[in-house]
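Below is one structure, written out as structure tokens; the observations come after it.
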Amino acid sequence: MQKIVELDQSIVNKIAAGEVIERPASVVKELVENAIDAEATRIEIDVEEGGRKRIQVTDTGYGMVDADVGAAFKSHATSKLKTPEDLFHITTLGFRGEALPSIGAVSRARITTCYRGNEIGARISMDGGVTGPVESTGAPEGTCVDVQDLFFNTPVRRKFMKSPAAEIKAIADVVTRIALAHCHIAFLLRHNGRRVFSLEAGGGLAIRIGELFEPEVREALVPVDFHAEGLSISGYAVKPSVTRQNTTGQYVFLNSRFIRDRGITSAIRKAYEGFLMTGRYPMIFLFADMDPAAVDVNVHPTKVEVRFKEPGAVFGGVVRGVRAALESADLVGTVALDRSSVHREAAIKDAVGQFLSQAEPASHTDRRPLVTPSLALPRQFADAAPAPVDAPPLKFMQVHEQYIVVETPAGIRLIDQHALHEKIHYTRLMRSEGPLPVQRLLVPVTLELSAADWSGVEGVLEIFRAEGFEIEEFGARTLAVYAVPQLLAAADVAELVTEAIGVLGESKKANVASARHELYAMVACKAAIKAGMRLSPGEIEALLEQHEAGDLLDFCPHGRPAVLDLSIEQLDKQFGRI
Amino acid sequence: MKIKMSLAELSAAWGVLTTAVPQRSPRPVLSNIKIRSAEQVELSATDLDIGIRYVFEEAQIEDQGEILVNAEKMSRILRENPSDSIEMEGTENGTRLSYGSDEFHLPGEDPSHFPASPEFKGKKMFEIDKGVFQTLIRQTAFSAAHEETRYALNGVLLELSGTEFKAVATDGKRLTLARTKCKGGKGMEFKALVPLKGIQALDKILSLDDVSIELGADDGNLYAKTKRAEVICRLLEGNFPEYEEVIPKGYENRVKLNRQVLASKLRLADAFTTEETKAVKMHFEKGNLTITAQGPESGEARVVMAVEYEGAPMDIAFNPQYFLDGMKVLTDESVLLEIQDANASAKLTAGEAFTYVIMPLSLD
């Protein structure tokens, strides 16, 4: 039986030309997808030096017959498409038939394969685009593609490869995406002989997520289940107690293919509306299944972007499915939950009430009857601020538990409470000069990293150490922190380090100076009062004092303004007085 | 329902019950306190993590039934302290409150929508002296964490083993352990990791009521009972550190320190620390403890106190606030400090009853 045929020219023309192989991760993606299409039950990926030296993908699929082997390195040879109609009815992953020849053109590649049930296998190699003869060889059932010296004949591409740590992280990301969609397949990823992760087959999605991500994620899963005509949405939403600072924690699959779609991203945002703090993004594992004819996946060579025939239906389905899941989940007790936006109206009324009652100084102490003084929660910055001495009474109010309005001699000032406090912290941190005290910890804090973060961790640890952390590898995918810079000791150590590793792992120029900025920006953000936090008059005064005394750095960690001034003239003009 | 209640008692009870009223909640019914009159009048509040039930002492019951009263509105009324007593009556479309010449109507919410409080019957509980218990939680709660992700540290571990009752809290940089002998609950197992909010509620209730408290726990909840009040509180999940292993044993350098003098000297040195370098260096030598602090902008402090120290000279640095927090919750005249070296934890004790482990700072 011959499975690979050359594509009819009409199909070739229908396929947009495009580069498939951009970096080692693209090689891994294509080869793993081929293995999945060959019905593999186990896929092993071995990478050396971030893929620059070697990428080897071994599968237990049905392999190729000899005739197929000869055709494998021909452009647009694929065992998957036969007619133009097939192109509009795509259910397999690697349908473009470009992968193997594209890989073979820029590396020294060798395929060893044995068709299921055959005694003897075959081998073929391609060296910078030059195909060798098909040879018979002994081989186990399945296919092994060995790619060495990637981009050896395209020096520009080779030069633009990132560090091995960055490339293996990208590879781990790619395999993570594929593995999430194929829980029935076992995966093993090794880098330089060291195991990055090993995933068992057949345990179901929740177990696979557990294998790939930190324990908090696994504990916060809420099943999503939504069905409408021609569309079904399943998977897991992650409770708002676990969030990320960008959308990289959002895994969306369309008919088992990982996609990035703006419409779906914004549908997810909408579903989580009111559950999240500003600047935080939910994690989610979402599988949309629909008739292949209702979507065009051939928009982009990497097949990550798609075009829906009815984007509105998909958007609505995601919003409703995810929202229903979140509402049915027990979110009580999830600490990071912020419901401020849901209760805006009440908040405004409260704020106005507070403002009006400020005429009576006695009410300041009355307002917080819920906290026993002896056990009051410490509010760091309020303690740190010196008591105002004979300061003229300030007129201010907090609105929406987010902004502060202050009367100034020239007009009014609007302050974003979080942004300003963050800036004060950031300035203080950046201005500090070493060596700074390092707080030792009573019990080391251990933290488990995701597989992708762990793969690039070696280079990042040095940066932490330079900042005063005592931090060591502590078993598989686990780090132990023994001491932290005192300045950062108030932050949640595990959360801080996990997030910083994620951010530093992604940034290209991970050096000490930029890392310091990232780290301090993160700490400043965490230590700062949040939007949605009700402040006592004393706390607002302390904040304003620190602002006055500040001499703050112009450079803001996130580039947003913290303070806006409106002059009397501007107000008069707006009201038509002048 | 129609009842008349003493305003003084209501005011005290309201202060406790509002601990359990959520400030913002997706379930608006929880912003109320439920008042139920049967043979006696009972008030209850909950945010679903903690529930408080209070049985009223001085109430005249004219008619039985249930009403909901908005916690914030009643607080505002009570703040004005308008009268000796207040009348509450369930009406067709809500609740009527009145005293003297003033009258208020609260719109109706169905009392049956308010979550029922769990029963205490059949729970195994033991008794402990109120004053002793209150001291224990105040001596430990300050060192608990306020973190978002390591939930297990955001509370106080209460534990009864044999006849010893212990309270333990830590934020990962220091740990407090307070203990007492407890006669009640012989042979009973009790271990509960209580969130700070629950600890605060207990502290408040004990400030207004009774001579002792009964405690019990099952898998997920703490049950606490005084003469007038019952508290049920969802326990924290997660692993609390093996605290016994953290407490150092067998240190050779021991020094007795006058608590108030040490606190005073530390406050002086602390005035010369900065936010960036919140550190004081302690130098121990024969007969003297010298505490120094310095910062590029804040200046320098060098304070000396006479101590009975016999060991080799030693330097060790700390966050002074950690020491001061400990001094504040003690009443003993002197404390014993045990140290080993600049990188090992220090142990501060006040007799058998109080142990405080503090991790040092490395300065270079």
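Note on naming: chains are A, B, ... as they come in the structure tokens, residues start from 1 per chain, ligands start from 1 in the order shown.
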- Write down as a PyMOL selection string the residues belonging to stretch 77-295 of chain B that are assigned helix (DSSP H, G or I) by DSSP computed on the backbone. chain B and resi 77-79+111-113+130-141+151-153+196-208+243-246+259-270
- Task: May I ask you to extract the residues of chain B within 8 Å of chain A, using only C-alpha atoms, and to give them as a ChimeraX atom specification?
- Result: /B:15-16,18-19,24-26,48-49,138,141-142,147-150,172-175,200,203-204,241,246,275-279,343,345,358-364
Can you list, as a short mmCIF file (atom, residue, chain, number, x, y, z; two decimals) with C-alpha atoms, in the first residue's frame, every protein, DNA or RNA residue that comes within 9 Å of B:Pro82 when you count only C-alpha atoms, leaving out same-chain residues fewer than 3 positions away?
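Ended up saving to selection_3.cif:
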data_model
loop_
_atom_site.label_atom_id
_atom_site.label_comp_id
_atom_site.auth_asym_id
_atom_site.auth_seq_id
_atom_site.Cartn_x
_atom_site.Cartn_y
_atom_site.Cartn_z
CA LEU B 7 -29.11 48.72 72.80
CA ILE B 77 -27.72 53.63 64.06
CA LEU B 78 -25.76 52.10 66.92
CA ARG B 79 -22.95 54.59 66.43
CA SER B 85 -33.49 49.90 73.83
CA TYR B 99 -36.99 53.68 69.49
CA GLY B 100 -38.30 56.89 71.05
#
- May I have the residues within 6 Å of stretch 53-58 of chain A as a list of chain:residue names, using only C-alpha atoms and disregarding those fewer than 6 positions away in the same chain?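 Non-adjacent residues within range: A:Ile43, A:Glu44, A:Ile45, A:Asp46, A:Val47, A:Thr143, A:Cys144, A:Val145, A:Asp146, A:Val147, A:Gln148, A:Asp149.
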Using the selection just defined, write its residues with N, CA, C and O atoms as a JSON list (two decimals), in the first residue's frame.
[["chain", "number", "residue", "atom", "x", "y", "z"],
["A", 43, "ILE", "N", 5.68, 9.38, 21.76],
["A", 43, "ILE", "CA", 6.57, 10.21, 20.96],
["A", 43, "ILE", "C", 7.70, 10.69, 21.87],
["A", 43, "ILE", "O", 7.44, 11.26, 22.92],
["A", 44, "GLU", "N", 8.93, 10.43, 21.43],
["A", 44, "GLU", "CA", 10.08, 10.88, 22.22],
["A", 44, "GLU", "C", 10.84, 11.94, 21.45],
["A", 44, "GLU", "O", 11.11, 11.78, 20.26],
["A", 45, "ILE", "N", 11.13, 13.03, 22.13],
["A", 45, "ILE", "CA", 11.83, 14.14, 21.49],
["A", 45, "ILE", "C", 13.14, 14.36, 22.23],
["A", 45, "ILE", "O", 13.13, 14.62, 23.43],
["A", 46, "ASP", "N", 14.24, 14.23, 21.50],
["A", 46, "ASP", "CA", 15.55, 14.49, 22.10],
["A", 46, "ASP", "C", 16.15, 15.70, 21.44],
["A", 46, "ASP", "O", 16.25, 15.77, 20.21],
["A", 47, "VAL", "N", 16.55, 16.67, 22.25],
["A", 47, "VAL", "CA", 17.09, 17.91, 21.71],
["A", 47, "VAL", "C", 18.47, 18.13, 22.29],
["A", 47, "VAL", "O", 18.71, 17.87, 23.47],
["A", 143, "THR", "N", 8.60, 5.60, 13.14],
["A", 143, "THR", "CA", 9.47, 6.46, 12.38],
["A", 143, "THR", "C", 10.37, 7.24, 13.33],
["A", 143, "THR", "O", 9.95, 7.64, 14.41],
["A", 144, "CYS", "N", 11.62, 7.40, 12.90],
["A", 144, "CYS", "CA", 12.54, 8.24, 13.67],
["A", 144, "CYS", "C", 13.14, 9.25, 12.71],
["A", 144, "CYS", "O", 13.74, 8.90, 11.71],
["A", 145, "VAL", "N", 12.92, 10.52, 12.97],
["A", 145, "VAL", "CA", 13.51, 11.56, 12.14],
["A", 145, "VAL", "C", 14.60, 12.23, 12.95],
["A", 145, "VAL", "O", 14.37, 12.69, 14.07],
["A", 146, "ASP", "N", 15.80, 12.25, 12.38],
["A", 146, "ASP", "CA", 16.94, 12.79, 13.08],
["A", 146, "ASP", "C", 17.43, 14.01, 12.31],
["A", 146, "ASP", "O", 17.79, 13.91, 11.15],
["A", 147, "VAL", "N", 17.39, 15.17, 12.93],
["A", 147, "VAL", "CA", 17.75, 16.41, 12.25],
["A", 147, "VAL", "C", 18.98, 17.00, 12.93],
["A", 147, "VAL", "O", 18.92, 17.36, 14.10],
["A", 148, "GLN", "N", 20.08, 17.08, 12.17],
["A", 148, "GLN", "CA", 21.31, 17.62, 12.76],
["A", 148, "GLN", "C", 21.73, 18.89, 12.04],
["A", 148, "GLN", "O", 21.39, 19.11, 10.89],
["A", 149, "ASP", "N", 22.47, 19.71, 12.77],
["A", 149, "ASP", "CA", 23.06, 20.94, 12.21],
["A", 149, "ASP", "C", 22.02, 21.80, 11.50],
["A", 149, "ASP", "O", 22.20, 22.19, 10.34]]
- Item | Selected residue of minimal separation from B:Ser83 among B:Ser11, B:Gln64, B:Gln134, B:Asn32, counting only C-alpha atoms |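 Distance minimum relative to B:Ser83 lands on B:Ser11.
A straight line drawn from atom CA of B:Asp325 to atom CA of B:Ile339 is 18.6 Å long.
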- Shortest interatomic distance to B:Lys73 - which of B:Ile232, B:Val41, B:Ile33, B:Ala8, counting only C-alpha atoms: B:Ile33
